[in-house]
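Novice: Right, I'll just put the structure down here and ask away after.
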Amino acid sequence: YSDSCYIFYDSNSTNKSQYQIVSSGDIVIPLEAAERAGYTFKFWSENPAADPEDSGEAFDFSAPITESVTLYAIWQAKGVGFQLAFWVEKENFTGDPGTDINNYSYCSSVTLGTGAGYYAGQALSIDQIKNLAGNFYDSHASSSNDLKYSEFAFTKEATLKGDGTTVLNVYYKRIEFTLQFKLGDSAAKIVDPEGNVYTDASGKYYTSKGKYGTISDTLIPKFEWIEHSSKVVGHWSFGSGKNVGATDKLFLVGIIPSDYRTNRVLTATPSWLER
């Protein structure tokens with residue numbers, strides 16, 4: 001085999017090696033490259049990083065082989081589709097959901113086709129995926145208040161698969177609102193179990209925090225904390241017209257203002273009843 005030459009073929013798409021053994025001076029008929037989803041085979045080249053648009057880097061199979069050589073398949077990426085999925089923080093989750101995907105529930109998704117301008121093997125950064133999700137956010141939020149009253153939490157970098165099975169998961173955490181309770185009566189005060197006193201005159205208001213969809217009896221000051229010599233609170237009224245009984249659980253729905261993106265303080269005032 002002293003006059004034999006080896007031609008090794010690296011298809012960049014499988015783990016299998018292919019090769020030919022020919023005699024020095026032979027003209028070689030090239031092997032076919034294995035199929036690769038999302039790519040078009042262009043040519044074989046000695047340069048693994050050859051530009052698929054530069055046919056001048058293609059190996060010349062018309063010339064006699066005089067030595068062993070390794071050839072690399074050069075592929076051109078095709079347009080590829082993928083799915084973009086929206087996930088929202090679960091209801092009544094306490095604290096920051098962080099990046100634990102178990103703290104989120106699936107909301108909705110959109111499928112982008114091969115003509116969307118993305119290609120097999122394309123790497124997408126966190127910012128690119130975030131911005132892409134932003135392009136579809138309004139249309140999906142219009143049918144999901146859970147998503148509407150949430151904001152971007154996180155996603156992960158991704159590389160688009162050639163077979164179109166990539167799913168870009170984008171996670172949104174619920175916006176946390178501050179509930180502020182103004183008494184509207186100089187003779188009234190709230191005294192919590194720790195002895196903190198809240199009055200309109202002092203400018204110190206009782207506050208709590210909640211997210212859209214929260215159901216809790218800890219958001220409203222307890223009935224027994226409110227002190228007044230001649231009146232009791234019948235219900236709390238939010239600016240949106242939503243009334244909540246003084247002893248009820250608050251379901252944080254229907255009281256969020258239209259400017260919630262910049263105004264995250266929900267103010268409530270009481271309806272007083274004579275004792």
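Letters A, B, ... go to the chains of the structure tokens in the order shown; residues in each chain start at 1; ligands are counted from 1 in the same order.
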Show which residues sit within 7 Å of A:Trp87, as a PDB file with N, CA and C atoms, in the first residue's frame. Count only C-alpha atoms, and ignore same-chain residues fewer than 2 positions away.

Specialist:
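Wrote it out as result-v8.pdb, contents follow:
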```
ATOM      1  N   ALA A  85     -42.192  30.300  23.482  1.00  0.00           N
ATOM      2  CA  ALA A  85     -43.180  29.985  24.510  1.00  0.00           C
ATOM      3  C   ALA A  85     -43.113  30.977  25.673  1.00  0.00           C
ATOM      4  N   GLU A  89     -45.170  33.441  36.101  1.00  0.00           N
ATOM      5  CA  GLU A  89     -45.064  33.049  37.519  1.00  0.00           C
ATOM      6  C   GLU A  89     -46.402  32.502  38.027  1.00  0.00           C
ATOM      7  N   TYR A 104     -42.997  28.620  37.486  1.00  0.00           N
ATOM      8  CA  TYR A 104     -43.714  29.239  36.378  1.00  0.00           C
ATOM      9  C   TYR A 104     -44.670  28.242  35.737  1.00  0.00           C
ATOM     10  N   SER A 105     -45.748  28.774  35.161  1.00  0.00           N
ATOM     11  CA  SER A 105     -46.727  27.961  34.443  1.00  0.00           C
ATOM     12  C   SER A 105     -46.755  28.377  32.976  1.00  0.00           C
ATOM     13  N   TYR A 106     -46.982  27.397  32.111  1.00  0.00           N
ATOM     14  CA  TYR A 106     -47.072  27.691  30.677  1.00  0.00           C
ATOM     15  C   TYR A 106     -48.261  28.600  30.409  1.00  0.00           C
ATOM     16  N   CYS A 107     -48.064  29.579  29.544  1.00  0.00           N
ATOM     17  CA  CYS A 107     -49.126  30.526  29.210  1.00  0.00           C
ATOM     18  C   CYS A 107     -49.578  30.364  27.760  1.00  0.00           C
ATOM     19  N   VAL A 170     -39.481  31.770  27.398  1.00  0.00           N
ATOM     20  CA  VAL A 170     -39.282  33.097  27.982  1.00  0.00           C
ATOM     21  C   VAL A 170     -40.183  33.201  29.218  1.00  0.00           C
ATOM     22  N   TYR A 171     -39.592  33.600  30.336  1.00  0.00           N
ATOM     23  CA  TYR A 171     -40.290  33.570  31.618  1.00  0.00           C
ATOM     24  C   TYR A 171     -40.581  34.989  32.109  1.00  0.00           C
ATOM     25  N   TYR A 172     -41.805  35.155  32.622  1.00  0.00           N
ATOM     26  CA  TYR A 172     -42.258  36.454  33.117  1.00  0.00           C
ATOM     27  C   TYR A 172     -42.705  36.324  34.571  1.00  0.00           C
TER      28      TYR A 172
END
```

Novice: Skip A:Phe223 itself and residues of its chain fewer than 5 positions away, then list as a PyMOL selection string all residues within 12 Å of it, counting only C-alpha atoms.

Specialist: chain A and resi 189-192+217-218+228+231-236+245-249+270

Novice: Just to be explicit: take each residue in the selection above, keep C-alpha atoms, and write the result as a PDB file, in the first residue's frame.

Specialist:
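What landed in result.pdb:
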```pdb
ATOM      1  CA  LYS A 189     -55.549  55.443  62.989  1.00  0.00           C
ATOM      2  CA  ILE A 190     -54.275  51.955  62.310  1.00  0.00           C
ATOM      3  CA  VAL A 191     -52.207  50.207  64.969  1.00  0.00           C
ATOM      4  CA  ASP A 192     -50.645  46.912  63.918  1.00  0.00           C
ATOM      5  CA  ASP A 217     -56.388  38.070  53.962  1.00  0.00           C
ATOM      6  CA  THR A 218     -53.044  39.694  54.840  1.00  0.00           C
ATOM      7  CA  HIS A 228     -61.901  55.427  65.631  1.00  0.00           C
ATOM      8  CA  LYS A 231     -66.937  54.939  63.261  1.00  0.00           C
ATOM      9  CA  VAL A 232     -65.982  51.600  61.751  1.00  0.00           C
ATOM     10  CA  VAL A 233     -64.790  50.714  58.265  1.00  0.00           C
ATOM     11  CA  GLY A 234     -67.564  49.290  56.118  1.00  0.00           C
ATOM     12  CA  HIS A 235     -65.336  48.540  53.134  1.00  0.00           C
ATOM     13  CA  TRP A 236     -62.204  49.705  51.387  1.00  0.00           C
ATOM     14  CA  GLY A 245     -65.124  44.356  52.657  1.00  0.00           C
ATOM     15  CA  ALA A 246     -63.153  45.268  55.746  1.00  0.00           C
ATOM     16  CA  THR A 247     -63.009  41.624  56.833  1.00  0.00           C
ATOM     17  CA  ASP A 248     -62.734  40.018  53.371  1.00  0.00           C
ATOM     18  CA  LYS A 249     -59.853  38.374  51.614  1.00  0.00           C
ATOM     19  CA  PRO A 270     -62.391  53.488  53.582  1.00  0.00           C
TER      20      PRO A 270
END
```

Novice: Compile the contact shell of A:Gly25 as a list in words: residues with an atom at most 9 Å away, counting only C-alpha atoms, same-chain residues fewer than 2 positions apart removed.

Specialist: Asp3, Val22, Ser23, Ile27, Ala63, Pro64, Ile65, Thr66 and Glu67 of chain A

Novice: Based on the selection just made, write N, CA and C atoms of those residues as a compact mmCIF listing (two decimals), in the first residue's frame.

Specialist:
```txt
# COMPACT_ATOMS: atom_id res chain seq x y z
N ASP A 3 1.82 2.97 -2.39
CA ASP A 3 1.36 3.99 -3.34
C ASP A 3 -0.11 4.31 -3.15
N VAL A 22 -7.38 4.88 -2.44
CA VAL A 22 -7.15 4.87 -3.88
C VAL A 22 -5.64 4.80 -4.15
N SER A 23 -5.32 4.49 -5.36
CA SER A 23 -3.91 4.48 -5.74
C SER A 23 -3.48 5.89 -6.14
N ILE A 27 -8.08 9.31 -10.29
CA ILE A 27 -9.11 10.34 -10.21
C ILE A 27 -10.20 9.80 -9.27
N ALA A 63 -8.50 16.57 -10.52
CA ALA A 63 -7.05 16.37 -10.52
C ALA A 63 -6.69 15.03 -9.88
N PRO A 64 -5.64 14.37 -10.36
CA PRO A 64 -5.23 13.09 -9.79
C PRO A 64 -4.82 13.25 -8.32
N ILE A 65 -5.15 12.24 -7.51
CA ILE A 65 -4.77 12.23 -6.09
C ILE A 65 -3.33 11.73 -5.98
N THR A 66 -2.48 12.49 -5.27
CA THR A 66 -1.09 12.07 -5.10
C THR A 66 -0.70 11.90 -3.64
N GLU A 67 -1.60 12.29 -2.74
CA GLU A 67 -1.30 12.13 -1.31
C GLU A 67 -2.62 12.05 -0.53
```

Novice: Neighbouring residues of A:Asp96 were defined as those with any atom within 12 Å, considering only C-alpha atoms; residues of the same chain fewer than 4 positions away were excluded. Please report them as a list of chain:residue names.

Specialist: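 What passes the distance filter is A:Glu89, A:Lys90, A:Asn92, A:Asp100, A:Asn103, A:Tyr104, A:Ala153, A:Tyr172, A:Lys173, A:Arg174, A:Ile175, A:Glu176, A:Gly210, A:Lys211.
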
Novice: Take the residues from that selection and put them in a file with N, CA and C atoms, as a PDB file, in the first residue's frame.

Specialist:
```
ATOM      1  N   GLU A  89     -45.170  33.441  36.101  1.00  0.00           N
ATOM      2  CA  GLU A  89     -45.064  33.049  37.519  1.00  0.00           C
ATOM      3  C   GLU A  89     -46.402  32.502  38.027  1.00  0.00           C
ATOM      4  N   LYS A  90     -46.344  31.419  38.778  1.00  0.00           N
ATOM      5  CA  LYS A  90     -47.549  30.799  39.306  1.00  0.00           C
ATOM      6  C   LYS A  90     -48.270  31.739  40.283  1.00  0.00           C
ATOM      7  N   ASN A  92     -50.099  33.216  43.516  1.00  0.00           N
ATOM      8  CA  ASN A  92     -49.864  33.156  44.960  1.00  0.00           C
ATOM      9  C   ASN A  92     -48.462  32.702  45.332  1.00  0.00           C
ATOM     10  N   ASP A 100     -35.978  29.504  38.735  1.00  0.00           N
ATOM     11  CA  ASP A 100     -36.437  28.124  38.907  1.00  0.00           C
ATOM     12  C   ASP A 100     -37.685  27.936  38.045  1.00  0.00           C
ATOM     13  N   ASN A 103     -41.335  27.395  39.208  1.00  0.00           N
ATOM     14  CA  ASN A 103     -42.144  28.471  39.771  1.00  0.00           C
ATOM     15  C   ASN A 103     -42.999  29.169  38.707  1.00  0.00           C
ATOM     16  N   TYR A 104     -42.997  28.620  37.486  1.00  0.00           N
ATOM     17  CA  TYR A 104     -43.714  29.239  36.378  1.00  0.00           C
ATOM     18  C   TYR A 104     -44.670  28.242  35.737  1.00  0.00           C
ATOM     19  N   ALA A 153     -38.651  38.143  33.172  1.00  0.00           N
ATOM     20  CA  ALA A 153     -37.817  37.640  34.265  1.00  0.00           C
ATOM     21  C   ALA A 153     -36.494  37.098  33.729  1.00  0.00           C
ATOM     22  N   TYR A 172     -41.805  35.155  32.622  1.00  0.00           N
ATOM     23  CA  TYR A 172     -42.258  36.454  33.117  1.00  0.00           C
ATOM     24  C   TYR A 172     -42.705  36.324  34.571  1.00  0.00           C
ATOM     25  N   LYS A 173     -42.269  37.261  35.395  1.00  0.00           N
ATOM     26  CA  LYS A 173     -42.686  37.274  36.799  1.00  0.00           C
ATOM     27  C   LYS A 173     -43.778  38.315  36.995  1.00  0.00           C
ATOM     28  N   ARG A 174     -44.682  38.032  37.907  1.00  0.00           N
ATOM     29  CA  ARG A 174     -45.797  38.940  38.165  1.00  0.00           C
ATOM     30  C   ARG A 174     -45.285  40.240  38.793  1.00  0.00           C
ATOM     31  N   ILE A 175     -45.851  41.348  38.347  1.00  0.00           N
ATOM     32  CA  ILE A 175     -45.489  42.649  38.902  1.00  0.00           C
ATOM     33  C   ILE A 175     -45.970  42.721  40.350  1.00  0.00           C
ATOM     34  N   GLU A 176     -45.105  43.186  41.221  1.00  0.00           N
ATOM     35  CA  GLU A 176     -45.486  43.349  42.622  1.00  0.00           C
ATOM     36  C   GLU A 176     -45.981  44.779  42.843  1.00  0.00           C
ATOM     37  N   GLY A 210     -48.603  42.904  46.984  1.00  0.00           N
ATOM     38  CA  GLY A 210     -49.255  41.764  46.360  1.00  0.00           C
ATOM     39  C   GLY A 210     -49.063  41.780  44.854  1.00  0.00           C
ATOM     40  N   LYS A 211     -49.363  40.652  44.224  1.00  0.00           N
ATOM     41  CA  LYS A 211     -49.227  40.499  42.780  1.00  0.00           C
ATOM     42  C   LYS A 211     -50.580  40.177  42.173  1.00  0.00           C
TER      43      LYS A 211
END
```

Novice: Using only C-alpha atoms, determine which residues lie at most 12 Å from A:Asn145, disregarding the query and same-chain residues fewer than 6 positions distant; provide the list as a list of chain:residue names.

Specialist: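 Neighbouring residues, sequence-local ones excluded: A:Val88, A:Glu91, A:Cys107, A:Tyr137, A:Asp138, A:Ser139, A:Glu151, A:Arg174, A:Ile175, A:Lys211, A:Tyr212, A:Gly213, A:Leu252, A:Val253, A:Gly254, A:Ile256.
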
Novice: For A:Gly162, please output as a PDB file with C-alpha atoms, in the first residue's frame all residues within 12 Å (counting only C-alpha atoms; exclusion window: fewer than 3 positions along the same chain).

Specialist:
```
ATOM      1  CA  SER A  13     -23.221  16.118  10.669  1.00  0.00           C
ATOM      2  CA  GLU A  35     -27.960  14.571   5.057  1.00  0.00           C
ATOM      3  CA  ARG A  36     -28.078  17.401   7.585  1.00  0.00           C
ATOM      4  CA  ALA A  37     -31.409  18.857   8.661  1.00  0.00           C
ATOM      5  CA  GLY A  38     -31.653  22.577   7.983  1.00  0.00           C
ATOM      6  CA  TYR A  39     -28.604  22.737   5.690  1.00  0.00           C
ATOM      7  CA  THR A  40     -27.763  22.399   2.027  1.00  0.00           C
ATOM      8  CA  TRP A  75     -22.882  23.404   4.417  1.00  0.00           C
ATOM      9  CA  GLN A  76     -25.099  26.406   3.877  1.00  0.00           C
ATOM     10  CA  ALA A  77     -27.737  27.056   6.529  1.00  0.00           C
ATOM     11  CA  LYS A  78     -31.368  27.229   5.431  1.00  0.00           C
ATOM     12  CA  GLY A  79     -34.194  29.199   6.981  1.00  0.00           C
ATOM     13  CA  VAL A  80     -35.541  27.387  10.013  1.00  0.00           C
ATOM     14  CA  GLY A  81     -38.668  27.640  12.105  1.00  0.00           C
ATOM     15  CA  PHE A  82     -38.975  27.418  15.883  1.00  0.00           C
ATOM     16  CA  THR A 114     -38.893  29.136   7.941  1.00  0.00           C
ATOM     17  CA  TYR A 118     -33.719  32.906  11.149  1.00  0.00           C
ATOM     18  CA  TYR A 119     -31.301  30.176  10.105  1.00  0.00           C
ATOM     19  CA  ALA A 120     -30.142  26.775  11.259  1.00  0.00           C
ATOM     20  CA  GLY A 121     -27.222  27.027  13.648  1.00  0.00           C
ATOM     21  CA  GLN A 122     -27.935  30.691  14.424  1.00  0.00           C
ATOM     22  CA  ALA A 123     -27.018  31.605  17.987  1.00  0.00           C
ATOM     23  CA  THR A 159     -28.815  27.917  19.058  1.00  0.00           C
ATOM     24  CA  THR A 165     -37.680  21.636  17.018  1.00  0.00           C
ATOM     25  CA  THR A 166     -36.140  24.509  18.981  1.00  0.00           C
TER      26      THR A 166
END
```

Novice: Kindly give the distance, in Å, that separates atom CA of A:Ile255 and atom CA of A:Tyr206, rounded to a single decimal.

Specialist: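 Going from atom CA of A:Ile255 over to atom CA of A:Tyr206, I get 17.6 Å.
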
Novice: Go through A:Tyr72, A:Phe238, A:Phe61, A:Phe177 one by one, measure the shortest atom-to-atom distance of each to A:Ala34 using only C-alpha atoms, and give the residue with the smallest value.

Specialist: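 Looking at the shortest contact to A:Ala34, the residue is A:Tyr72.
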
Novice: Atom CA of A:Gly239 to atom CA of A:Lys222: how many Å, to one decimal?

Specialist: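 Calculated distance between atom CA of A:Gly239 and atom CA of A:Lys222 is 20.4 Å.
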
Novice: Nearest to A:Asp200: which of A:Ser45, A:Ser230, A:Thr269, A:Asn243 is it, counting only C-alpha atoms?

Specialist: A:Thr269

Novice: When distances are computed from only C-alpha atoms, which of A:Asn131, A:Thr199, A:Phe86, A:Gly184 shows the smallest separation from A:Ser150?

Specialist: A:Phe86

Novice: From stretch 26-172 of chain A, collect each residue whose DSSP state is alpha helix (DSSP H) and return the set as a ChimeraX atom specification.

Specialist: /A:126-141,145-148

Novice: Pick out each residue of stretch 73-226 of chain A that DSSP on the backbone tags as strand (DSSP E); I need them as a count of residues only.

Specialist: 59

Novice: Got a sec: who's within 8 Å of A:Val265, counting only C-alpha atoms, leaving out chain neighbours fewer than 6 positions off, as an NGL selection string?

Specialist: :A and (177-180)

Novice: Have a look at atom CA of A:Tyr198 and atom CA of A:Asn263 and let me know their distance in Å, one decimal.

Specialist: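 Between these atoms lies a distance of 22.3 Å.
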
Novice: Which residue is closest to A:Ala141? Choose from A:Ser109, A:Pro30, A:Asp127, A:Glu227 and count only C-alpha atoms.

Specialist: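 Looking at the shortest contact to A:Ala141, the residue is A:Ser109.
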